[in-house]
$ cat run-v4.txt   # compact mmCIF, C-alpha atoms and all ligand atoms
# COMPACT_ATOMS: atom_id res chain seq x y z
CA MET W 1 -8.84 15.97 -24.39
CA LEU W 2 -7.98 14.17 -27.57
CA GLY W 3 -10.06 14.38 -30.68
CA THR W 4 -12.10 11.47 -31.92
CA THR W 5 -9.98 10.76 -35.00
CA MET W 6 -7.34 8.14 -34.35
CA ASN W 7 -4.33 9.77 -32.84
CA PRO W 8 -1.03 8.43 -34.28
CA THR W 9 0.46 7.79 -30.82
CA LEU W 10 -2.66 5.92 -29.80
CA GLN W 11 -2.39 3.89 -33.01
CA GLU W 12 1.22 3.10 -32.16
CA ILE W 13 0.12 1.98 -28.68
CA LEU W 14 -2.44 -0.38 -30.22
CA ASP W 15 0.18 -1.79 -32.59
CA LEU W 16 2.67 -2.27 -29.76
CA MET W 17 0.07 -4.01 -27.60
CA ALA W 18 -0.65 -6.38 -30.48
CA ARG W 19 3.06 -7.07 -30.77
CA ILE W 20 3.48 -7.65 -27.03
CA GLY W 21 0.49 -10.00 -27.15
CA ARG W 22 -0.36 -10.03 -23.43
CA PRO W 23 -1.97 -7.68 -20.90
CA VAL W 24 0.24 -4.86 -19.63
CA GLN W 25 -0.11 -2.89 -16.39
CA LEU W 26 1.69 0.42 -15.92
CA MET W 27 1.80 2.29 -12.62
CA GLU W 28 2.13 5.99 -11.96
CA VAL W 29 3.45 7.10 -8.61
CA CYS W 30 2.68 10.78 -8.20
CA GLY W 31 -0.58 12.31 -6.95
CA THR W 32 -0.51 15.06 -9.56
CA HIS W 33 0.00 12.47 -12.27
CA THR W 34 -2.98 10.49 -10.97
CA MET W 35 -5.16 13.56 -11.39
CA ALA W 36 -3.68 14.42 -14.76
CA ILE W 37 -4.40 10.94 -16.14
CA PHE W 38 -7.99 11.20 -14.95
CA ARG W 39 -8.43 14.66 -16.37
CA THR W 40 -7.35 13.55 -19.83
CA GLY W 41 -9.93 10.76 -19.85
CA LEU W 42 -7.21 8.52 -21.32
CA ARG W 43 -8.24 5.32 -19.58
CA ALA W 44 -11.36 5.08 -21.74
CA LEU W 45 -9.29 5.33 -24.94
CA LEU W 46 -6.72 2.68 -24.10
CA PRO W 47 -7.28 -0.97 -25.01
CA GLU W 48 -8.64 -3.11 -22.17
CA SER W 49 -5.45 -5.12 -22.06
CA LEU W 50 -3.50 -1.99 -21.07
CA ARG W 51 -4.23 -0.89 -17.51
CA LEU W 52 -2.99 2.18 -15.69
CA LEU W 53 -2.63 1.74 -11.94
CA SER W 54 -2.07 4.38 -9.30
CA GLY W 55 0.69 3.62 -6.84
CA PRO W 56 1.92 4.94 -3.51
CA GLY W 57 2.52 8.50 -4.70
CA CYS W 58 0.41 10.59 -2.35
CA PRO W 59 2.48 11.61 0.69
CA VAL W 60 -0.43 11.97 3.11
CA CYS W 61 -1.88 8.64 1.95
CA VAL W 62 1.25 6.59 2.58
CA THR W 63 1.73 8.12 6.02
CA HIS W 64 0.98 5.34 8.50
CA ASP W 65 -1.51 5.85 11.33
CA ARG W 66 1.37 5.23 13.73
CA PHE W 67 2.79 8.61 12.74
CA LEU W 68 -0.60 10.25 13.19
CA GLU W 69 -0.91 8.76 16.70
CA HIS W 70 2.55 10.09 17.49
CA ALA W 71 1.54 13.55 16.26
CA LEU W 72 -1.69 13.42 18.27
CA ALA W 73 0.28 12.46 21.38
CA ILE W 74 2.56 15.47 20.86
CA ALA W 75 -0.45 17.72 20.31
CA ALA W 76 -1.83 16.51 23.65
CA ALA W 77 1.41 17.29 25.51
CA PRO W 78 1.43 20.63 27.33
CA GLY W 79 3.28 23.56 25.75
CA THR W 80 3.28 22.22 22.21
CA LEU W 81 2.01 23.50 18.87
CA ILE W 82 1.71 21.22 15.85
CA THR W 83 2.20 22.73 12.41
CA THR W 84 1.17 20.71 9.40
CA PHE W 85 0.22 20.81 5.75
CA GLY W 86 -3.56 21.08 5.51
CA ASP W 87 -4.07 17.62 4.00
CA MET W 88 -2.96 15.92 7.22
CA LEU W 89 -5.55 17.70 9.31
CA ARG W 90 -8.56 15.56 8.44
CA VAL W 91 -6.93 12.13 8.22
CA PRO W 92 -8.97 9.99 10.62
CA GLY W 93 -6.82 8.02 13.04
CA ARG W 94 -7.76 5.66 15.84
CA SER W 95 -8.03 8.44 18.37
CA GLY W 96 -9.49 11.06 16.05
CA SER W 97 -7.83 13.49 13.70
CA LEU W 98 -5.66 16.53 14.21
CA GLU W 99 -8.76 18.54 13.38
CA THR W 100 -10.71 17.00 16.26
CA ALA W 101 -7.69 17.47 18.52
CA ARG W 102 -7.71 21.15 17.59
CA ALA W 103 -11.45 21.40 18.26
CA ASN W 104 -10.71 19.94 21.70
CA GLY W 105 -8.19 22.64 22.47
CA ALA W 106 -4.86 21.37 21.12
CA ASN W 107 -2.63 23.85 19.30
CA VAL W 108 -2.68 22.78 15.64
CA GLN W 109 -1.83 25.19 12.85
CA VAL W 110 -1.98 24.66 9.10
CA VAL W 111 1.06 25.93 7.19
CA TYR W 112 1.99 26.04 3.51
CA SER W 113 5.69 25.75 4.15
CA PRO W 114 8.02 24.54 6.90
CA LEU W 115 9.31 28.11 6.85
CA ASP W 116 5.89 29.26 8.10
CA ALA W 117 6.29 26.77 10.94
CA LEU W 118 9.69 28.28 11.69
CA ALA W 119 8.15 31.77 11.77
CA THR W 120 5.52 30.50 14.22
CA ALA W 121 8.29 29.08 16.42
CA ARG W 122 9.95 32.51 16.44
CA GLN W 123 6.68 34.14 17.47
CA HIS W 124 6.03 31.60 20.23
CA PRO W 125 9.27 30.95 22.11
CA GLU W 126 7.15 29.65 25.01
CA LEU W 127 5.90 26.71 22.90
CA ARG W 128 7.65 23.76 21.32
CA VAL W 129 6.57 24.09 17.69
CA VAL W 130 6.61 20.74 15.88
CA PHE W 131 6.39 20.59 12.08
CA LEU W 132 5.03 17.33 10.67
CA GLY W 133 7.49 16.46 7.93
CA ILE W 134 5.73 14.39 5.32
CA GLY W 135 6.51 14.00 1.64
CA PHE W 136 9.08 12.54 -0.69
CA GLU W 137 12.35 13.65 -2.26
CA THR W 138 10.85 16.96 -3.41
CA THR W 139 9.51 17.99 0.00
CA ALA W 140 12.23 16.71 2.32
CA PRO W 141 14.71 19.38 1.08
CA ALA W 142 12.24 22.11 2.09
CA THR W 143 12.01 20.65 5.59
CA ALA W 144 15.80 20.38 5.65
CA GLY W 145 16.09 24.03 4.62
CA ALA W 146 13.83 25.21 7.43
CA LEU W 147 15.59 23.02 9.98
CA LEU W 148 19.01 24.29 8.96
CA GLU W 149 17.73 27.84 9.19
CA ALA W 150 16.40 27.12 12.70
CA ALA W 151 19.75 25.65 13.72
CA ARG W 152 21.68 28.55 12.21
CA THR W 153 19.59 31.23 13.88
CA GLY W 154 19.18 29.39 17.20
CA VAL W 155 15.44 28.82 17.12
CA THR W 156 15.64 25.98 19.63
CA ASN W 157 11.88 25.51 19.98
CA PHE W 158 11.48 24.52 16.30
CA MET W 159 11.28 20.77 15.82
CA VAL W 160 10.45 18.34 13.07
CA LEU W 161 8.66 15.01 13.39
CA SER W 162 9.88 13.33 10.24
CA ALA W 163 7.85 10.85 8.21
CA HIS W 164 9.69 11.83 5.05
CA LYS W 165 10.13 8.95 2.68
CA THR W 166 12.01 8.08 -0.47
CA ILE W 167 10.31 6.51 -3.46
CA PRO W 168 12.82 3.96 -4.87
CA ASN W 169 12.66 1.52 -1.95
CA ALA W 170 8.87 1.58 -2.10
CA LEU W 171 8.91 0.69 -5.79
CA ALA W 172 11.36 -2.10 -5.06
CA ALA W 173 9.14 -3.38 -2.24
CA LEU W 174 6.11 -3.36 -4.56
CA LEU W 175 7.98 -5.27 -7.25
CA ASN W 176 9.50 -7.68 -4.73
CA SER W 177 6.14 -8.62 -3.28
CA GLY W 178 4.89 -9.64 -6.73
CA GLU W 179 1.34 -9.11 -5.48
CA VAL W 180 0.43 -6.92 -8.42
CA LYS W 181 1.95 -7.35 -11.83
CA ILE W 182 3.63 -4.09 -12.81
CA ASP W 183 5.23 -4.00 -16.24
CA GLY W 184 6.54 -0.46 -16.08
CA PHE W 185 6.30 2.92 -14.38
CA LEU W 186 5.28 6.37 -15.58
CA MET W 187 7.17 9.07 -13.70
CA PRO W 188 6.03 12.69 -13.29
CA GLY W 189 7.92 15.28 -15.34
CA HIS W 190 8.26 18.25 -13.02
CA VAL W 191 9.19 16.11 -10.03
CA SER W 192 11.75 14.16 -12.05
CA VAL W 193 13.47 17.37 -13.08
CA ILE W 194 14.16 17.94 -9.39
CA THR W 195 14.85 14.41 -8.17
CA GLY W 196 16.80 13.44 -11.28
CA THR W 197 16.20 10.15 -13.03
CA HIS W 198 18.87 8.30 -11.03
CA ILE W 199 16.29 7.49 -8.37
CA TYR W 200 14.50 5.24 -10.89
CA ASP W 201 17.62 3.38 -12.02
CA VAL W 202 16.97 0.50 -9.63
CA VAL W 203 13.68 -0.24 -11.42
CA ALA W 204 15.41 -0.85 -14.74
CA SER W 205 18.64 -2.38 -13.48
CA ASP W 206 17.43 -4.66 -10.66
CA PHE W 207 13.88 -5.35 -11.76
CA GLN W 208 14.09 -5.13 -15.54
CA ARG W 209 11.14 -2.75 -15.79
CA PRO W 210 11.05 0.46 -17.81
CA ALA W 211 10.53 3.79 -15.99
CA VAL W 212 9.58 6.64 -18.28
CA VAL W 213 9.27 10.31 -17.38
CA THR W 214 6.22 11.94 -18.94
CA GLY W 215 4.32 15.22 -18.79
CA PHE W 216 0.72 15.91 -17.84
CA GLU W 217 -1.07 16.57 -21.12
CA ALA W 218 -2.89 13.74 -22.90
CA GLU W 219 -0.40 13.80 -25.79
CA GLU W 220 2.56 13.67 -23.41
CA ILE W 221 1.11 10.83 -21.35
CA LEU W 222 0.41 8.85 -24.54
CA ALA W 223 3.97 9.45 -25.71
CA GLY W 224 5.23 8.16 -22.35
CA ILE W 225 3.07 5.05 -22.60
CA ALA W 226 4.24 4.42 -26.18
CA LEU W 227 7.90 4.70 -25.17
CA THR W 228 7.34 2.32 -22.25
CA LEU W 229 5.61 -0.20 -24.52
CA ARG W 230 8.41 0.06 -27.09
CA MET W 231 10.87 -0.94 -24.36
CA ILE W 232 8.65 -3.80 -23.23
CA ALA W 233 8.19 -5.03 -26.81
CA ALA W 234 11.93 -4.90 -27.40
CA GLY W 235 12.69 -6.57 -24.06
CA HIS W 236 14.98 -3.69 -23.25
CA PRO W 237 13.87 -1.83 -20.13
CA GLU W 238 15.51 1.51 -19.41
CA VAL W 239 14.92 4.78 -17.65
CA GLY W 240 13.55 6.95 -20.43
CA ASN W 241 12.35 10.48 -20.96
CA ALA W 242 9.21 11.35 -22.91
CA TYR W 243 8.93 14.73 -21.19
CA GLY W 244 9.72 17.58 -23.50
CA HIS W 245 12.20 19.15 -21.11
CA THR W 246 15.67 18.49 -19.85
CA VAL W 247 15.63 15.83 -17.18
CA THR W 248 19.08 15.02 -15.90
CA ALA W 249 20.20 11.99 -13.95
CA GLU W 250 21.37 14.25 -11.14
CA GLY W 251 18.36 16.53 -10.69
CA ASN W 252 18.62 19.51 -8.36
CA ARG W 253 21.99 19.14 -6.67
CA LYS W 254 21.36 21.76 -3.99
CA ALA W 255 18.16 20.07 -2.91
CA ARG W 256 19.86 16.70 -2.71
CA GLU W 257 22.80 18.06 -0.72
CA LEU W 258 20.52 19.77 1.77
CA LEU W 259 18.50 16.60 2.20
CA ARG W 260 21.68 14.62 2.92
CA GLU W 261 23.00 17.21 5.33
CA VAL W 262 19.95 16.99 7.58
CA PHE W 263 18.55 13.50 7.02
CA GLU W 264 19.85 9.94 6.96
CA PRO W 265 18.05 6.82 5.73
CA CYS W 266 16.09 4.74 8.23
CA ASP W 267 13.56 1.92 8.14
CA ASP W 268 10.03 3.22 7.88
CA VAL W 269 6.47 1.95 7.77
CA TRP W 270 4.16 2.88 4.90
CA ARG W 271 0.44 2.57 4.82
CA GLY W 272 -0.25 -0.34 2.50
CA LEU W 273 3.36 -1.39 2.11
CA GLY W 274 4.35 -1.99 5.72
CA LEU W 275 7.92 -1.77 6.94
CA ILE W 276 10.40 -1.03 4.15
CA PRO W 277 14.08 -1.04 5.10
CA GLY W 278 15.90 2.17 4.26
CA SER W 279 12.80 3.91 2.91
CA GLY W 280 12.50 6.65 5.51
CA LEU W 281 14.45 9.77 6.39
CA GLN W 282 15.36 10.48 10.00
CA ILE W 283 17.09 13.55 11.37
CA ARG W 284 20.83 13.14 11.78
CA PRO W 285 22.23 13.17 15.35
CA ALA W 286 23.90 16.54 14.66
CA PHE W 287 20.42 18.10 14.65
CA ALA W 288 19.02 16.02 17.54
CA ALA W 289 17.88 19.18 19.32
CA HIS W 290 15.36 19.77 16.53
CA ASP W 291 14.18 16.17 16.32
CA ALA W 292 10.69 15.80 17.78
CA ALA W 293 11.01 12.00 17.63
CA ARG W 294 13.71 12.25 20.32
CA ALA W 295 11.92 14.82 22.46
CA PHE W 296 8.59 13.02 22.35
CA PRO W 297 8.86 9.23 22.31
CA ALA W 298 6.37 7.43 20.09
CA PRO W 299 3.39 5.77 21.78
CA ASP W 300 4.21 2.19 22.76
CA ALA W 301 1.05 0.46 21.65
CA PRO W 302 1.17 -1.02 18.16
CA VAL W 303 -1.01 0.89 15.73
CA PRO W 304 -2.81 -0.77 12.83
CA GLU W 305 -2.11 1.02 9.56
CA THR W 306 -5.67 2.09 9.11
CA SER W 307 -9.06 1.82 10.75
CA ARG W 308 -12.82 1.65 10.15
CA GLY W 309 -12.68 -0.78 7.26
CA CYS W 310 -10.83 1.67 5.03
CA ARG W 311 -8.90 -0.14 2.28
CA CYS W 312 -6.44 2.62 1.47
CA GLY W 313 -3.57 0.19 1.83
CA ASP W 314 -4.91 -2.04 -0.93
CA VAL W 315 -5.55 1.02 -3.10
CA LEU W 316 -1.98 2.22 -2.60
CA ARG W 317 -0.58 -1.13 -3.73
CA GLY W 318 -2.81 -1.17 -6.79
CA VAL W 319 -4.56 -4.32 -5.52
CA ILE W 320 -8.01 -2.74 -5.71
CA THR W 321 -9.37 0.42 -7.30
CA PRO W 322 -11.37 2.71 -4.99
CA PRO W 323 -14.82 1.67 -6.32
CA GLN W 324 -14.00 -1.84 -5.04
CA CYS W 325 -13.88 -0.46 -1.48
CA PRO W 326 -17.31 -1.02 0.11
CA LEU W 327 -17.20 2.42 1.72
CA PHE W 328 -16.39 4.33 -1.47
CA ARG W 329 -18.89 7.04 -2.34
CA ASN W 330 -21.65 5.98 0.06
CA VAL W 331 -19.92 6.27 3.43
CA CYS W 332 -16.60 7.72 2.33
CA THR W 333 -16.68 11.03 0.45
CA PRO W 334 -14.41 14.08 0.38
CA TRP W 335 -16.83 15.67 2.86
CA SER W 336 -16.72 12.75 5.23
CA PRO W 337 -13.46 10.94 4.43
CA GLN W 338 -12.91 7.58 6.11
CA GLY W 339 -9.33 7.26 4.99
CA ALA W 340 -6.30 9.24 3.91
CA CYS W 341 -6.74 8.40 0.21
CA MET W 342 -10.03 10.33 0.23
CA VAL W 343 -8.79 13.19 2.43
CA SER W 344 -5.87 14.21 0.30
CA SER W 345 -6.60 16.03 -2.92
CA GLU W 346 -3.78 13.93 -4.40
CA GLY W 347 -5.26 10.67 -3.17
CA THR W 348 -6.47 7.99 -5.57
CA CYS W 349 -9.88 7.70 -3.90
CA ALA W 350 -10.40 11.47 -4.16
CA ALA W 351 -9.42 11.34 -7.84
CA TYR W 352 -11.84 8.47 -8.55
CA PHE W 353 -14.58 10.26 -6.65
CA ARG W 354 -14.09 13.38 -8.68
CA PHE W 355 -13.64 11.89 -12.13
CA SER W 356 -15.55 8.64 -12.38
CA MET S 1 0.12 20.08 -0.39
CA CYS S 2 0.27 20.35 -4.12
CA LEU S 3 3.48 19.03 -5.54
CA ALA S 4 4.18 21.92 -7.82
CA ILE S 5 2.64 25.35 -7.98
CA PRO S 6 3.62 27.85 -10.63
CA ALA S 7 4.42 31.31 -9.30
CA ARG S 8 5.59 34.53 -10.92
CA VAL S 9 8.49 36.46 -9.46
CA LEU S 10 7.74 40.08 -8.61
CA GLU S 11 10.86 41.02 -6.72
CA VAL S 12 14.11 39.36 -5.67
CA ASN S 13 15.64 40.22 -2.28
CA GLY S 14 18.73 38.13 -1.74
CA ASN S 15 17.63 34.63 -0.74
CA ASP S 16 13.94 35.45 -0.92
CA ALA S 17 11.58 36.51 -3.66
CA VAL S 18 8.21 38.16 -3.55
CA ILE S 19 6.00 36.07 -5.80
CA THR S 20 2.43 35.95 -6.92
CA VAL S 21 0.45 32.72 -6.93
CA GLN S 22 -2.91 33.14 -8.63
CA GLY S 23 -3.13 36.71 -7.49
CA VAL S 24 -1.96 36.09 -3.93
CA GLN S 25 1.37 37.62 -2.92
CA ARG S 26 3.71 35.41 -0.97
CA THR S 27 7.38 34.88 -0.28
CA ALA S 28 9.48 32.13 -1.82
CA ASN S 29 12.81 31.01 -0.46
CA LEU S 30 15.43 30.72 -3.21
CA MET S 31 18.09 28.65 -1.41
CA LEU S 32 17.32 25.50 -3.41
CA LEU S 33 17.20 27.21 -6.77
CA GLU S 34 20.05 26.43 -9.15
CA ASP S 35 19.03 29.05 -11.71
CA THR S 36 18.96 32.79 -11.18
CA VAL S 37 15.63 34.50 -11.51
CA GLN S 38 14.45 38.02 -12.06
CA PRO S 39 11.09 39.76 -11.93
CA GLY S 40 8.74 38.31 -14.54
CA ASP S 41 10.22 34.79 -14.42
CA TYR S 42 8.14 31.79 -13.38
CA ILE S 43 9.24 29.35 -10.73
CA LEU S 44 8.06 25.97 -9.53
CA LEU S 45 7.08 26.57 -5.92
CA HIS S 46 6.89 23.69 -3.49
CA ALA S 47 6.38 24.03 0.27
CA GLY S 48 7.57 27.62 0.21
CA PHE S 49 10.74 26.94 -1.76
CA ALA S 50 11.48 27.73 -5.38
CA LEU S 51 12.76 24.46 -6.84
CA ARG S 52 13.40 25.51 -10.40
CA LYS S 53 12.67 28.05 -13.06
CA TRP S 54 9.67 27.36 -15.30
CA THR S 55 8.90 28.59 -18.77
CA ALA S 56 5.70 30.61 -19.07
CA ALA S 57 4.22 27.74 -21.10
CA GLU S 58 4.97 25.15 -18.40
CA ALA S 59 3.58 27.42 -15.72
CA GLN S 60 0.41 27.93 -17.71
CA GLU S 61 -0.01 24.23 -18.36
CA GLN S 62 0.32 23.41 -14.66
CA GLU S 63 -2.02 26.22 -13.64
CA GLN S 64 -4.60 24.83 -16.01
CA LEU S 65 -4.16 21.32 -14.64
CA LEU S 66 -4.60 22.51 -11.07
CA ALA S 67 -7.65 24.55 -12.01
CA GLU S 68 -9.26 21.65 -13.86
CA VAL S 69 -8.84 19.23 -11.02
CA GLY S 70 -10.25 21.80 -8.65
CA LEU S 71 -7.08 22.59 -6.76
CA GLY S 72 -6.22 26.13 -5.90
CA PRO S 73 -2.68 27.07 -5.01
CA ARG S 74 -3.48 26.88 -1.32
CA ASP S 75 -4.59 23.27 -1.16
S1 LIG Q 401 -12.87 4.93 -0.42
FE1 LIG Q 401 -12.45 5.79 1.61
S2 LIG Q 401 -12.59 4.08 3.01
FE2 LIG Q 401 -12.36 3.22 0.94
S3 LIG Q 401 -10.14 2.97 0.66
FE3 LIG Q 401 -10.63 4.99 -0.12
S4 LIG Q 401 -10.30 6.34 1.62
FE4 LIG Q 401 -10.43 4.28 2.45
$ encode --input "run-v4.txt" --output "structure tokens" --more "lines below"
Ligand code: SF4
Amino acid sequence: MLGTTMNPTLQEILDLMARIGRPVQLMEVCGTHTMAIFRTGLRALLPESLRLLSGPGCPVCVTHDRFLEHALAIAAAPGTLITTFGDMLRVPGRSGSLETARANGANVQVVYSPLDALATARQHPELRVVFLGIGFETTAPATAGALLEAARTGVTNFMVLSAHKTIPNALAALLNSGEVKIDGFLMPGHVSVITGTHIYDVVASDFQRPAVVTGFEAEEILAGIALTLRMIAAGHPEVGNAYGHTVTAEGNRKARELLREVFEPCDDVWRGLGLIPGSGLQIRPAFAAHDAARAFPAPDAPVPETSRGCRCGDVLRGVITPPQCPLFRNVCTPWSPQGACMVSSEGTCAAYFRFS
Amino acid sequence: MCLAIPARVLEVNGNDAVITVQGVQRTANLMLLEDTVQPGDYILLHAGFALRKWTAAEAQEQEQLLAEVGLGPRD
């Protein structure tokens, strides 16, 4: 928390806002960042004309119900075992959740790593063990690593159902739609060290918006906001770094190479954002044997992105804040979540519930 | 599925490391790590993989953030 005396960075932000002379909206696109911004209590200190929005940065939240229905269909098939990160378990879909499927006898196991899923596959050669691959550029390399290991060691019953996604196309889709005015992006430090800043280049070059990497402490977030506003005031958007550590354009080369070896871009649907060309990652034909999407065709029926009046999609686009959802807090709570954004600890609704 | 969990390296065995995450011992795969680590170093752990080396200060800051928002390492 910041002290009550006027902080020099905050003063600079006020000065810059006066210079810019119009309202500014900045978006952060990482679940951990969402929580960090809440924790610092910064929103209350910023001028009203400067708004911080939360974007589509929570992997479970952006995963469309279509994927969940596909996973539930696999769980219902004989001789299968679904392995998933815990956050996916309670997401309510049209035909229930993975948790209810498990209660009804399906094999569903929570894992902390795709490598745990691989170990399960080794222990259960009689089952087809399907790992639900969700997450962005930081998580997809882990899935790729486990899949390569399965291929190398001949664990043929290990499969991945991939809903992995990449962030840049989603940001472009948000900006293209023009539905919400976004003047710049705050990017999360530790993730950016891994992804590299090149993935944000499109924001500055094609959309003329600044994208600034910041840390998680109040001071660091303020410094990131100040740098973003300086670029806006100067009319000179760039990809910038206000994180006190080395962030290279390249990021972690090994992780990127592994991702490319196993996955190729595909069109994908996002909760809230719909179909975004080139925003998904599908398993390359060379690893078809480990691709659950090939072994288990997706259900035919079209699936709406969400159900029960949940407005997660609008939350993910920054169109509404969670308190504007009629279900928030009275019907929808972390104990009885009606949508993915309340289930996931990284979700915006869960963050609002906890901190406001 | 926390994005980044700080872990301390206890032991390095080839491509794997024995690590401790808030008192719980686990294994981290090192195949994605570009730095070399030794016992006592901190790493950023994500989905079972070490993604990079962390300074003790960074690890502490992240641990504090996770604790304050009510997230243990296993969420
Ligand atoms: S409060 Fe609940 S129902 Fe409303 S948008 Fe968020 S997750 Fe969906």
$ interface_residues --input "run-v4.txt" --of "chain S" --to "chain W" --cutoff "6 Å" --atoms "only C-alpha atoms" --output "number ranges by chain"
S: 32, 47-48
$ residues_around --input "run-v4.txt" --residues "Arg122 (chain W)" --least-positions-apart "4" --cutoff "10 Å" --atoms "only C-alpha atoms" --output "list in words"
Asp116, Ala117, Leu118, Glu126, Leu127, Val129, Ala150, Gly154, Val155, Thr156, Asn157 and Phe158 of chain W
$ residues_near_ligand --input "run-v4.txt" --ligand "ligand LIG 401 (chain Q)" --cutoff "10 Å" --atoms "all atoms listed in the file" --output "PDB file with C-alpha atoms, in the frame of the given file"
ATOM      1  CA  CYS W  61      -1.880   8.640   1.950  1.00  0.00           C
ATOM      2  CA  VAL W  91      -6.930  12.130   8.220  1.00  0.00           C
ATOM      3  CA  PRO W  92      -8.970   9.990  10.620  1.00  0.00           C
ATOM      4  CA  THR W 306      -5.670   2.090   9.110  1.00  0.00           C
ATOM      5  CA  SER W 307      -9.060   1.820  10.750  1.00  0.00           C
ATOM      6  CA  ARG W 308     -12.820   1.650  10.150  1.00  0.00           C
ATOM      7  CA  GLY W 309     -12.680  -0.780   7.260  1.00  0.00           C
ATOM      8  CA  CYS W 310     -10.830   1.670   5.030  1.00  0.00           C
ATOM      9  CA  ARG W 311      -8.900  -0.140   2.280  1.00  0.00           C
ATOM     10  CA  CYS W 312      -6.440   2.620   1.470  1.00  0.00           C
ATOM     11  CA  GLY W 313      -3.570   0.190   1.830  1.00  0.00           C
ATOM     12  CA  ASP W 314      -4.910  -2.040  -0.930  1.00  0.00           C
ATOM     13  CA  VAL W 315      -5.550   1.020  -3.100  1.00  0.00           C
ATOM     14  CA  LEU W 316      -1.980   2.220  -2.600  1.00  0.00           C
ATOM     15  CA  ILE W 320      -8.010  -2.740  -5.710  1.00  0.00           C
ATOM     16  CA  THR W 321      -9.370   0.420  -7.300  1.00  0.00           C
ATOM     17  CA  PRO W 322     -11.370   2.710  -4.990  1.00  0.00           C
ATOM     18  CA  PRO W 323     -14.820   1.670  -6.320  1.00  0.00           C
ATOM     19  CA  GLN W 324     -14.000  -1.840  -5.040  1.00  0.00           C
ATOM     20  CA  CYS W 325     -13.880  -0.460  -1.480  1.00  0.00           C
ATOM     21  CA  PRO W 326     -17.310  -1.020   0.110  1.00  0.00           C
ATOM     22  CA  LEU W 327     -17.200   2.420   1.720  1.00  0.00           C
ATOM     23  CA  PHE W 328     -16.390   4.330  -1.470  1.00  0.00           C
ATOM     24  CA  ARG W 329     -18.890   7.040  -2.340  1.00  0.00           C
ATOM     25  CA  ASN W 330     -21.650   5.980   0.060  1.00  0.00           C
ATOM     26  CA  VAL W 331     -19.920   6.270   3.430  1.00  0.00           C
ATOM     27  CA  CYS W 332     -16.600   7.720   2.330  1.00  0.00           C
ATOM     28  CA  THR W 333     -16.680  11.030   0.450  1.00  0.00           C
ATOM     29  CA  PRO W 334     -14.410  14.080   0.380  1.00  0.00           C
ATOM     30  CA  SER W 336     -16.720  12.750   5.230  1.00  0.00           C
ATOM     31  CA  PRO W 337     -13.460  10.940   4.430  1.00  0.00           C
ATOM     32  CA  GLN W 338     -12.910   7.580   6.110  1.00  0.00           C
ATOM     33  CA  GLY W 339      -9.330   7.260   4.990  1.00  0.00           C
ATOM     34  CA  ALA W 340      -6.300   9.240   3.910  1.00  0.00           C
ATOM     35  CA  CYS W 341      -6.740   8.400   0.210  1.00  0.00           C
ATOM     36  CA  MET W 342     -10.030  10.330   0.230  1.00  0.00           C
ATOM     37  CA  VAL W 343      -8.790  13.190   2.430  1.00  0.00           C
ATOM     38  CA  SER W 344      -5.870  14.210   0.300  1.00  0.00           C
ATOM     39  CA  GLY W 347      -5.260  10.670  -3.170  1.00  0.00           C
ATOM     40  CA  THR W 348      -6.470   7.990  -5.570  1.00  0.00           C
ATOM     41  CA  CYS W 349      -9.880   7.700  -3.900  1.00  0.00           C
ATOM     42  CA  ALA W 350     -10.400  11.470  -4.160  1.00  0.00           C
ATOM     43  CA  TYR W 352     -11.840   8.470  -8.550  1.00  0.00           C
ATOM     44  CA  PHE W 353     -14.580  10.260  -6.650  1.00  0.00           C
TER      45      PHE W 353
END
$ atom_distance --input "run-v4.txt" --atom1 "CA of Pro23 (chain W)" --atom2 "CA of Ser49 (chain W)"
4.5 Å
$ residues_near_point --input "run-v4.txt" --point "(10.2, 31.9, -12.6)" --cutoff "6 Å" --atoms "only C-alpha atoms" --output "list in words"
Arg8, Val9, Asp41, Tyr42, Ile43, Lys53 and Trp54 of chain S
$ residues_around --input "run-v4.txt" --residues "Glu11 (chain S)" --least-positions-apart "5" --cutoff "6 Å" --atoms "all atoms listed in the file" --output "number ranges by chain"
S: 17-18, 39
$ atom_distance --input "run-v4.txt" --atom1 "CA of Thr166 (chain W)" --atom2 "CA of Ala286 (chain W)"
21.0 Å
$ residues_around --input "run-v4.txt" --residues "Leu227 (chain W)" --least-positions-apart "2" --cutoff "10 Å" --atoms "all atoms listed in the file" --output "list of chain:residue names"
W:Thr9, W:Glu12, W:Ile13, W:Leu16, W:Pro210, W:Ala211, W:Val212, W:Val213, W:Thr214, W:Ile221, W:Leu222, W:Ala223, W:Gly224, W:Ile225, W:Leu229, W:Arg230, W:Met231, W:Ile232, W:Ala233, W:Gly240, W:Asn241, W:Ala242
$ atom_distance --input "run-v4.txt" --atom1 "CA of Gln62 (chain S)" --atom2 "CA of Gln22 (chain S)"
11.9 Å
$ residues_around --input "run-v4.txt" --residues "Ala7 (chain S)" --least-positions-apart "2" --cutoff "10 Å" --atoms "only C-alpha atoms" --output "PyMOL selection string"
chain S and resi 4-5+9-10+18-26+28+40-46+50+53-54+56+59-60+63+73
$ closest_residue --input "run-v4.txt" --among "S:Val37, S:Ala57, S:Leu51, S:Leu65" --to "Gly244 (chain W)" --atoms "only C-alpha atoms"
S:Ala57
